[in-house]
$ cat final.cif   # mmCIF, C-alpha atoms
data_target
loop_
_atom_site.label_atom_id
_atom_site.label_comp_id
_atom_site.auth_asym_id
_atom_site.auth_seq_id
_atom_site.Cartn_x
_atom_site.Cartn_y
_atom_site.Cartn_z
CA MET A 1 -68.48 38.72 164.74
CA GLN A 2 -67.84 40.98 161.76
CA LYS A 3 -65.78 38.25 160.21
CA LYS A 4 -68.70 35.79 160.60
CA LEU A 5 -71.13 38.25 158.99
CA PHE A 6 -68.73 38.87 156.15
CA ILE A 7 -68.39 35.11 155.50
CA ILE A 8 -72.18 34.61 155.64
CA PHE A 9 -72.71 37.58 153.31
CA PHE A 10 -70.09 36.20 150.92
CA LEU A 11 -71.68 32.71 150.93
CA VAL A 12 -75.17 34.14 150.29
CA LEU A 13 -73.76 36.20 147.42
CA LEU A 14 -72.16 33.06 145.92
CA LEU A 15 -75.42 31.18 146.36
CA PHE A 16 -77.39 33.81 144.43
CA ALA A 17 -74.72 34.06 141.75
CA GLY A 18 -74.86 30.28 141.26
CA CYS A 19 -78.63 30.31 140.81
CA LYS A 20 -78.47 31.97 137.40
CA LYS A 21 -81.38 30.86 135.21
CA ASN A 22 -80.84 29.64 131.69
CA PRO A 23 -82.32 32.00 129.13
CA GLN A 24 -85.73 30.98 127.86
CA LEU A 25 -85.94 30.23 124.15
CA PRO A 26 -88.36 32.35 122.22
CA SER A 27 -91.63 30.47 121.83
CA ASN A 28 -91.60 30.83 118.03
CA LYS A 29 -88.47 28.58 117.77
CA ALA A 30 -90.37 25.54 119.04
CA GLN A 31 -93.27 26.33 116.73
CA GLU A 32 -90.96 26.59 113.71
CA PHE A 33 -89.56 23.14 114.48
CA ASP A 34 -93.04 21.69 115.00
CA ILE A 35 -94.26 23.15 111.70
CA GLN A 36 -91.25 21.76 109.81
CA ALA A 37 -91.68 18.35 111.41
CA LEU A 38 -95.38 18.31 110.52
CA GLN A 39 -94.60 19.34 106.95
CA LEU A 40 -92.08 16.50 106.62
CA ILE A 41 -94.59 14.03 108.05
CA GLU A 42 -97.25 15.19 105.57
CA LEU A 43 -94.78 14.98 102.67
CA ASN A 44 -93.79 11.45 103.70
CA LYS A 45 -97.47 10.41 103.89
CA LEU A 46 -98.08 11.82 100.40
CA LEU A 47 -95.05 10.02 98.95
CA HIS A 48 -96.19 6.77 100.61
CA GLU A 49 -99.69 7.13 99.14
CA ILE A 50 -98.21 7.73 95.67
CA GLU A 51 -96.02 4.64 96.06
CA ILE A 52 -99.04 2.53 97.06
CA GLU A 53 -100.96 3.75 93.99
CA GLU A 54 -98.01 2.88 91.73
CA ILE A 55 -97.78 -0.61 93.25
CA GLN A 56 -101.53 -1.18 92.81
CA GLU A 57 -101.32 -0.07 89.15
CA PHE A 58 -98.39 -2.44 88.56
CA VAL A 59 -100.19 -5.35 90.24
CA ALA A 60 -103.38 -4.68 88.23
CA GLU A 61 -101.44 -4.74 84.94
CA GLN A 62 -99.95 -8.19 85.60
CA GLU A 63 -101.57 -11.40 84.43
CA ILE A 64 -101.15 -13.14 87.76
CA ASN A 65 -103.17 -12.91 90.93
CA PHE A 66 -101.36 -11.08 93.70
CA ARG A 67 -102.05 -11.11 97.41
CA GLN A 68 -100.80 -8.59 99.91
CA ASP A 69 -98.93 -9.81 102.99
CA SER A 70 -99.16 -8.39 106.50
CA LEU A 71 -96.25 -5.97 106.00
CA GLY A 72 -97.50 -4.48 102.72
CA SER A 73 -95.59 -6.45 100.08
CA TRP A 74 -97.42 -8.15 97.21
CA VAL A 75 -96.79 -11.72 96.00
CA GLY A 76 -98.05 -13.39 92.84
CA ILE A 77 -97.46 -17.11 92.35
CA ILE A 78 -96.66 -18.14 88.78
CA LYS A 79 -95.86 -21.79 89.51
CA LYS A 80 -96.59 -23.54 92.79
CA GLY A 81 -93.79 -25.21 94.64
CA ASN A 82 -93.74 -28.64 96.25
CA ASN A 83 -95.45 -27.45 99.49
CA THR A 84 -92.23 -27.80 101.51
CA THR A 85 -92.48 -24.57 103.45
CA ILE A 86 -89.49 -22.44 104.27
CA LYS A 87 -88.96 -21.92 107.97
CA LYS A 88 -87.00 -19.27 109.83
CA GLY A 89 -83.33 -20.20 110.02
CA THR A 90 -83.47 -22.42 106.91
CA SER A 91 -80.73 -21.91 104.33
CA VAL A 92 -82.08 -21.60 100.81
CA GLU A 93 -80.59 -21.24 97.36
CA ILE A 94 -82.59 -18.64 95.41
CA PHE A 95 -82.59 -17.83 91.73
CA TYR A 96 -84.07 -14.36 91.27
CA SER A 97 -83.71 -10.89 89.82
CA ILE A 98 -84.46 -7.44 91.23
CA GLU A 99 -86.08 -4.77 89.06
CA LEU A 100 -87.63 -1.37 89.52
CA LEU A 101 -91.34 -0.91 88.80
CA ASP A 102 -90.48 0.45 85.34
CA GLY A 103 -88.72 -2.83 84.48
CA LYS A 104 -85.13 -1.61 84.82
CA LEU A 105 -82.98 -4.53 85.95
CA CYS A 106 -80.90 -3.81 89.07
CA TYR A 107 -79.48 -7.19 90.06
CA ASP A 108 -79.68 -10.64 88.47
CA TYR A 109 -79.19 -13.87 90.41
CA SER A 110 -81.14 -15.98 87.93
CA THR A 111 -78.10 -17.84 86.59
CA LYS A 112 -75.87 -17.74 89.68
CA PRO A 113 -78.05 -18.18 92.77
CA LYS A 114 -77.71 -16.51 96.11
CA ILE A 115 -77.65 -18.57 99.31
CA VAL A 116 -79.55 -16.98 102.16
CA LYS A 117 -80.43 -17.99 105.71
CA VAL A 118 -84.11 -17.00 105.89
CA GLY A 119 -85.27 -14.92 108.82
CA LYS A 120 -81.74 -13.72 109.63
CA ARG A 121 -82.02 -10.44 107.68
CA GLU A 122 -79.40 -11.43 105.11
CA VAL A 123 -81.63 -9.84 102.49
CA GLU A 124 -83.98 -6.87 102.63
CA ASN A 125 -86.70 -7.03 105.32
CA GLY A 126 -89.58 -7.28 102.83
CA PHE A 127 -87.92 -9.99 100.73
CA ASP A 128 -86.98 -11.94 103.87
CA ASN A 129 -90.61 -11.90 104.99
CA ILE A 130 -91.79 -13.02 101.55
CA LEU A 131 -89.42 -16.00 101.59
CA LEU A 132 -91.02 -17.21 104.82
CA ASN A 133 -94.35 -17.42 102.97
CA LEU A 134 -93.11 -19.38 99.95
CA SER A 135 -92.32 -23.03 99.35
CA GLU A 136 -89.48 -24.88 97.71
CA GLY A 137 -89.59 -24.85 93.89
CA VAL A 138 -91.97 -21.90 93.63
CA GLU A 139 -91.86 -19.37 90.82
CA ALA A 140 -93.25 -16.00 91.85
CA VAL A 141 -93.23 -12.22 91.45
CA ALA A 142 -93.00 -10.09 94.58
CA VAL A 143 -93.42 -6.32 94.85
CA VAL A 144 -91.75 -4.78 97.90
CA PRO A 145 -92.40 -1.15 98.91
CA SER A 146 -89.37 1.04 99.49
CA HIS A 147 -89.67 1.12 103.29
CA LEU A 148 -89.30 -2.69 103.32
CA ALA A 149 -86.48 -2.67 100.75
CA TYR A 150 -83.61 -0.17 100.65
CA GLY A 151 -85.63 2.78 101.96
CA LEU A 152 -84.79 6.43 101.69
CA MET A 153 -81.13 5.95 100.73
CA GLY A 154 -81.28 3.14 98.18
CA ASP A 155 -78.21 0.91 98.02
CA LYS A 156 -75.96 3.71 96.68
CA ASN A 157 -75.23 1.56 93.64
CA LYS A 158 -78.04 0.37 91.37
CA ILE A 159 -81.14 0.93 93.50
CA PRO A 160 -82.22 4.57 93.81
CA SER A 161 -83.72 6.16 96.89
CA ARG A 162 -87.33 5.31 97.77
CA ALA A 163 -87.43 2.57 95.11
CA THR A 164 -90.21 -0.01 95.01
CA LEU A 165 -88.62 -3.31 94.02
CA VAL A 166 -89.92 -6.20 91.93
CA TYR A 167 -88.40 -9.59 92.70
CA ARG A 168 -88.79 -12.22 89.99
CA ILE A 169 -88.18 -15.49 91.81
CA LYS A 170 -87.35 -18.39 89.51
CA ASN A 171 -86.67 -21.17 91.97
CA ILE A 172 -85.99 -21.76 95.63
CA ARG A 173 -84.12 -24.82 96.88
CA ILE A 174 -83.83 -25.67 100.55
CA LYS A 175 -80.22 -26.44 101.47
CA SER A 176 -79.48 -29.12 104.03
#

$ encode --input "final.cif" --output "structure tokens"
Amino acid sequence: MQKKLFIIFFLVLLLFAGCKKNPQLPSNKAQEFDIQALQLIELNKLLHEIEIEEIQEFVAEQEINFRQDSLGSWVGIIKKGNNTTIKKGTSVEIFYSIELLDGKLCYDYSTKPKIVKVGKREVENGFDNILLNLSEGVEAVAVVPSHLAYGLMGDKNKIPSRATLVYRIKNIRIKS
């Protein structure tokens, strides 16, 4: 009987020892994180608003009429194309250049074109979406906000972080 009581006592002791609670974090730790997260969100909103203002100033200074697409990019048509619309999955040959808002040239494909399958994310998200709204033979200027281009990191080569990009499209040819 004593042996049974000893075993029961030992098992109860193990049970209580195994029920150790994790220490509770001080409540100010969660608040510090929440405050930092909110500050980062507010900073991001402010930077986004500044970028929108810069884009609107750029668009207003141009001598072409721009329209804004559903994602937030701006497109101005210089010369209309032949009304052959570009569909998702279509391969196109594009002559274009990429600049920053201040006019600094980043990449130039105006003499040697780039071949892209539209809608397959072979180019930046914003530019891909713009191509779906253009037609063969068009000449246009497109302004793509940073979050639809190379974003926070840039391309780690010629495009800096958070850069708004200007695409000067010379010609688009649909490839068969």

$ resolve_selection --input "final.cif" --expression "the PyMOL selection byres ((chain A and resi 130) around 12)" --output "number ranges by chain"
A: 67-77, 85-88, 118-119, 121, 123-129, 131-135, 138, 140-144, 148-149, 166-169

$ closest_residue --input "final.cif" --among "A:Ile41, A:Ile172, A:Ile55, A:Met153" --to "Leu100 (chain A)" --atoms "all atoms listed in the file"
A:Ile55

$ resolve_selection --input "final.cif" --expression "the PyMOL selection byres ((chain A and resi 80) around 8)" --output "VMD selection string"
chain A and resid 77 to 79 81 to 83 135 137 to 139

$ write_last_selection --input "final.cif" --atoms "C-alpha atoms" --output "mmCIF file, keeping the file's coordinate frame"
data_model
loop_
_atom_site.group_PDB
_atom_site.id
_atom_site.type_symbol
_atom_site.label_atom_id
_atom_site.label_comp_id
_atom_site.auth_asym_id
_atom_site.auth_seq_id
_atom_site.Cartn_x
_atom_site.Cartn_y
_atom_site.Cartn_z
ATOM 1 C CA ILE A 77 -97.460 -17.110 92.350
ATOM 2 C CA ILE A 78 -96.660 -18.140 88.780
ATOM 3 C CA LYS A 79 -95.860 -21.790 89.510
ATOM 4 C CA GLY A 81 -93.790 -25.210 94.640
ATOM 5 C CA ASN A 82 -93.740 -28.640 96.250
ATOM 6 C CA ASN A 83 -95.450 -27.450 99.490
ATOM 7 C CA SER A 135 -92.320 -23.030 99.350
ATOM 8 C CA GLY A 137 -89.590 -24.850 93.890
ATOM 9 C CA VAL A 138 -91.970 -21.900 93.630
ATOM 10 C CA GLU A 139 -91.860 -19.370 90.820
#

$ closest_residue --input "final.cif" --among "A:Glu136, A:Glu93, A:Glu122, A:Asp155" --to "Tyr109 (chain A)" --atoms "only C-alpha atoms"
A:Glu93

$ atom_distance --input "final.cif" --atom1 "CA of Glu99 (chain A)" --atom2 "CA of Lys117 (chain A)"
22.0 Å

$ residues_around --input "final.cif" --residues "Tyr107 (chain A)" --least-positions-apart "6" --cutoff "9 Å" --atoms "all atoms listed in the file" --output "PDB file with C-alpha atoms, in the coordinates of the input"
ATOM      1  CA  TYR A  96     -84.070 -14.360  91.270  1.00  0.00           C
ATOM      2  CA  SER A  97     -83.710 -10.890  89.820  1.00  0.00           C
ATOM      3  CA  ILE A  98     -84.460  -7.440  91.230  1.00  0.00           C
ATOM      4  CA  GLU A  99     -86.080  -4.770  89.060  1.00  0.00           C
ATOM      5  CA  LYS A 158     -78.040   0.370  91.370  1.00  0.00           C
ATOM      6  CA  ILE A 159     -81.140   0.930  93.500  1.00  0.00           C
TER       7      ILE A 159
END

$ atom_distance --input "final.cif" --atom1 "CA of Ile94 (chain A)" --atom2 "CA of Lys120 (chain A)"
15.1 Å

$ atom_distance --input "final.cif" --atom1 "CA of Phe58 (chain A)" --atom2 "CA of Leu43 (chain A)"
22.7 Å

$ closest_residue --input "final.cif" --among "A:Lys175, A:Glu42, A:Lys156, A:Leu165" --to "Leu105 (chain A)" --atoms "only C-alpha atoms"
A:Leu165

$ resolve_selection --input "final.cif" --expression "the PyMOL selection byres ((chain A and resi 146) around 9)" --output "list in words"
His48, Glu51, Gly126, Val144, Pro145, His147, Leu148, Ala149, Tyr150, Gly151, Leu152, Gly154, Ser161, Arg162, Ala163, Thr164 and Leu165 of chain A

$ closest_residue --input "final.cif" --among "A:Val59, A:Ile174, A:Ile64, A:Ala37" --to "Val116 (chain A)" --atoms "only C-alpha atoms"
A:Ile174
